[in-house]
Amino acid sequence: MNRPLHRRMLAIALAAVAYDAVVWPAFAVAEIPAIASRQRAEKRAFTDSQIIDGFLKTAFGAEHHLAGRVDRIRKYQTPVRVFADGNRSDRKAQVAKIVTDIAKRVQHLDIAMVGTGDSANVLVKLVRDRDLNRTITKFYGRERAREIQGSLDPQCLSGFRKNEKFEIEHSDVILTVDSSDFIFMDCAYEELLQSLGPINDTASVPWTMFNDNVSMGFFGIYDQYILNLLYDPRIKAGMTVAEVKEVLPAVLVDVRTWVKKVNNLAE
């Protein structure tokens, strides 16, 4: 996507965009073995109420939003096509691996990589840490960039634009490439998943990567429940909390069956 076109689209969309950021402390250092250790220790069994609580807290609301209502379901109703823009082939390969993993684990989500930005509705911008602030300014404008940088000092960022039906039309994900593999994978998973709709971070759910106090680096069981609930066809963009609660019990039964199958979970 060329920059002038993107900037025009963003200017039109400011009334309906939400964004999320991941902030890493300076001492955060880890390598890929940290992912394996977290997977071994991962909690894999959850009650219905635990799953529903996390879904409602992340699918509704927004930790940071520029304008517009955030009390409705927001999701893609079209196939999701992801383009990674940057010079680091190793990071592009990691993004592609993450997208493939998401596609495998979310039953009703059609998501895949594409080779050009023109055919993508999710743009992943890979930047050097020194270029992050400049990139945020290009994406969100000088005033919003100062607000984001002043309150968050992010290491990675995601946002999406939705229409009047609360259907997501375009997402932007900004990732810094200078960090360790663990930090990059953790940021990339969280921001890509949040760019699909569950944009609200919550500190009250300890099993989700949408908690700023949780670092995972992989697509955990709990978050698979959240994304599979969101992308079940019975959960539609624009639904209110009350409307979602009416269908959640039936949807959760089918989601449990899928998550169990794709992860080989025990009875």
# chains A, B, ... in the order shown; residues from 1 in each chain; ligands from 1
call {"tool": "select_by_dssp", "arguments": {"residues": "stretch 51-113 of chain A", "states": "helix (DSSP H, G or I)", "output": "ChimeraX atom specification"}}
result
/A:51-59,89-105
call {"tool": "closest_residue", "arguments": {"among": "A:Tyr222, A:Ile199, A:Val173, A:Phe184", "to": "A:Thr135", "atoms": "only C-alpha atoms"}}
result
A:Val173
call {"tool": "select_by_dssp", "arguments": {"residues": "stretch 76-197 of chain A", "states": "strand (DSSP E or B)", "output": "PyMOL selection string"}}
result
chain A and resi 80-85+111-113+122-127+156-162+167-176
call {"tool": "closest_atom_pairs", "arguments": {"of": "stretch 169-237 of chain A", "to": "stretch 82-85 of chain A", "cutoff": "12 Å", "atoms": "only C-alpha atoms", "output": "tab-separated table"}}
result
residue	atom	partner	partner_atom	distance
A:His170	CA	A:Val82	CA	10.2
A:Ser171	CA	A:Val82	CA	9.2
A:Asp172	CA	A:Val82	CA	9.8
A:Val173	CA	A:Ala84	CA	9.2
A:Ile174	CA	A:Asp85	CA	9.7
A:Leu175	CA	A:Ala84	CA	10.0
A:Thr176	CA	A:Asp85	CA	11.8
A:Val177	CA	A:Asp85	CA	11.6
A:Ala188	CA	A:Ala84	CA	11.2
A:Leu192	CA	A:Val82	CA	9.4
A:Leu193	CA	A:Val82	CA	11.9
A:Ser195	CA	A:Val82	CA	10.9
A:Leu196	CA	A:Val82	CA	11.2
call {"tool": "write_last_selection", "arguments": {"atoms": "C-alpha atoms", "output": "CSV table (one decimal), in the first residue's frame"}}
result
chain,number,residue,atom,x,y,z
A,170,HIS,CA,-8.2,-2.7,7.7
A,171,SER,CA,-5.6,-3.3,10.4
A,172,ASP,CA,-2.1,-2.0,10.9
A,173,VAL,CA,0.5,-3.8,13.0
A,174,ILE,CA,3.9,-2.2,13.8
A,175,LEU,CA,6.6,-4.4,15.1
A,176,THR,CA,10.2,-3.6,16.0
A,177,VAL,CA,12.7,-6.1,14.7
A,188,ALA,CA,3.8,-10.4,16.9
A,192,LEU,CA,-1.8,-9.8,15.1
A,193,LEU,CA,-4.5,-11.4,17.2
A,195,SER,CA,-5.8,-6.6,15.1
A,196,LEU,CA,-8.5,-9.2,14.4
call {"tool": "atom_distance", "arguments": {"atom1": "atom CA of A:Pro249", "atom2": "atom CA of A:Ile52"}}
result
8.9 Å
call {"tool": "residues_around", "arguments": {"residues": "A:Glu42", "least_positions_apart": "3", "cutoff": "9 Å", "atoms": "only C-alpha atoms", "output": "ChimeraX atom specification"}}
result
/A:37-39,207,220-221
call {"tool": "write_last_selection", "arguments": {"atoms": "N, CA and C atoms", "output": "tab-separated table (two decimals), in the first residue's frame"}}
result
chain	number	residue	atom	x	y	z
A	37	SER	N	9.33	-23.43	27.58
A	37	SER	CA	9.07	-23.60	29.01
A	37	SER	C	7.67	-23.12	29.37
A	38	ARG	N	7.23	-22.05	28.74
A	38	ARG	CA	5.88	-21.55	29.00
A	38	ARG	C	4.82	-22.49	28.46
A	39	GLN	N	5.09	-23.10	27.31
A	39	GLN	CA	4.14	-24.06	26.77
A	39	GLN	C	4.00	-25.29	27.67
A	207	TRP	N	-4.61	-15.70	32.15
A	207	TRP	CA	-4.22	-16.74	31.18
A	207	TRP	C	-4.12	-16.21	29.75
A	220	GLY	N	-1.75	-19.45	22.95
A	220	GLY	CA	-2.14	-20.36	24.01
A	220	GLY	C	-3.57	-20.86	23.90
A	221	ILE	N	-3.86	-21.90	24.68
A	221	ILE	CA	-5.19	-22.53	24.66
A	221	ILE	C	-6.28	-21.52	24.99
call {"tool": "residues_around", "arguments": {"residues": "stretch 109-118 of chain A", "least_positions_apart": "2", "cutoff": "6 Å", "atoms": "only C-alpha atoms", "output": "list in words"}}
result
Met1, Pro79, Val80, Arg81, Val82, Phe83, Ala103, Val106, Gln107 and Ala120 of chain A
call {"tool": "decode", "arguments": {"residues": "stretch 71-137 of chain A", "atoms": "C-alpha atoms", "output": "tab-separated table (two decimals), in the first residue's frame"}}
result
chain	number	residue	atom	x	y	z
A	71	ASP	CA	-19.41	-1.60	23.16
A	72	ARG	CA	-19.98	-3.85	20.14
A	73	ILE	CA	-18.32	-6.91	18.65
A	74	ARG	CA	-15.66	-5.96	16.11
A	75	LYS	CA	-14.32	-8.55	13.68
A	76	TYR	CA	-13.48	-9.23	10.05
A	77	GLN	CA	-16.41	-10.56	8.04
A	78	THR	CA	-14.17	-11.08	5.00
A	79	PRO	CA	-11.04	-13.17	4.39
A	80	VAL	CA	-7.99	-11.73	6.16
A	81	ARG	CA	-4.87	-11.25	4.07
A	82	VAL	CA	-1.61	-10.26	5.73
A	83	PHE	CA	1.39	-8.54	4.16
A	84	ALA	CA	4.68	-8.08	6.01
A	85	ASP	CA	6.55	-4.97	4.90
A	86	GLY	CA	10.21	-4.70	5.89
A	87	ASN	CA	13.80	-5.65	5.15
A	88	ARG	CA	14.29	-8.51	7.63
A	89	SER	CA	13.59	-11.82	5.90
A	90	ASP	CA	13.91	-13.72	9.18
A	91	ARG	CA	11.21	-11.61	10.83
A	92	LYS	CA	8.97	-11.95	7.78
A	93	ALA	CA	9.35	-15.72	8.03
A	94	GLN	CA	8.34	-15.58	11.71
A	95	VAL	CA	5.26	-13.49	10.85
A	96	ALA	CA	4.30	-16.03	8.18
A	97	LYS	CA	4.71	-18.87	10.69
A	98	ILE	CA	2.46	-17.05	13.16
A	99	VAL	CA	-0.23	-16.43	10.53
A	100	THR	CA	-0.13	-20.11	9.54
A	101	ASP	CA	-0.50	-21.11	13.19
A	102	ILE	CA	-3.46	-18.78	13.69
A	103	ALA	CA	-5.12	-20.18	10.56
A	104	LYS	CA	-4.68	-23.71	11.87
A	105	ARG	CA	-6.15	-22.97	15.29
A	106	VAL	CA	-9.12	-20.67	14.53
A	107	GLN	CA	-11.74	-22.74	12.77
A	108	HIS	CA	-13.85	-20.12	10.98
A	109	LEU	CA	-11.13	-17.56	10.25
A	110	ASP	CA	-9.81	-17.41	6.69
A	111	ILE	CA	-6.36	-15.86	7.16
A	112	ALA	CA	-3.24	-16.13	5.02
A	113	MET	CA	-0.15	-14.24	3.89
A	114	VAL	CA	-0.06	-12.40	0.56
A	115	GLY	CA	2.86	-11.13	-1.45
A	116	THR	CA	1.82	-7.51	-1.95
A	117	GLY	CA	0.37	-4.78	0.20
A	118	ASP	CA	-2.28	-3.96	-2.40
A	119	SER	CA	-4.04	-7.29	-1.77
A	120	ALA	CA	-3.75	-7.14	2.04
A	121	ASN	CA	-6.16	-5.87	4.66
A	122	VAL	CA	-3.63	-6.40	7.46
A	123	LEU	CA	-0.35	-4.55	7.01
A	124	VAL	CA	2.50	-5.63	9.28
A	125	LYS	CA	5.18	-2.94	9.28
A	126	LEU	CA	8.59	-4.22	10.41
A	127	VAL	CA	10.81	-1.37	11.62
A	128	ARG	CA	14.03	-0.74	13.48
A	129	ASP	CA	13.56	0.46	17.02
A	130	ARG	CA	15.04	3.82	16.11
A	131	ASP	CA	12.36	4.26	13.42
A	132	LEU	CA	9.37	3.31	15.60
A	133	ASN	CA	8.31	6.81	16.63
A	134	ARG	CA	8.59	8.08	13.06
A	135	THR	CA	6.47	5.17	11.84
A	136	ILE	CA	3.79	5.75	14.47
A	137	THR	CA	3.63	9.39	13.41
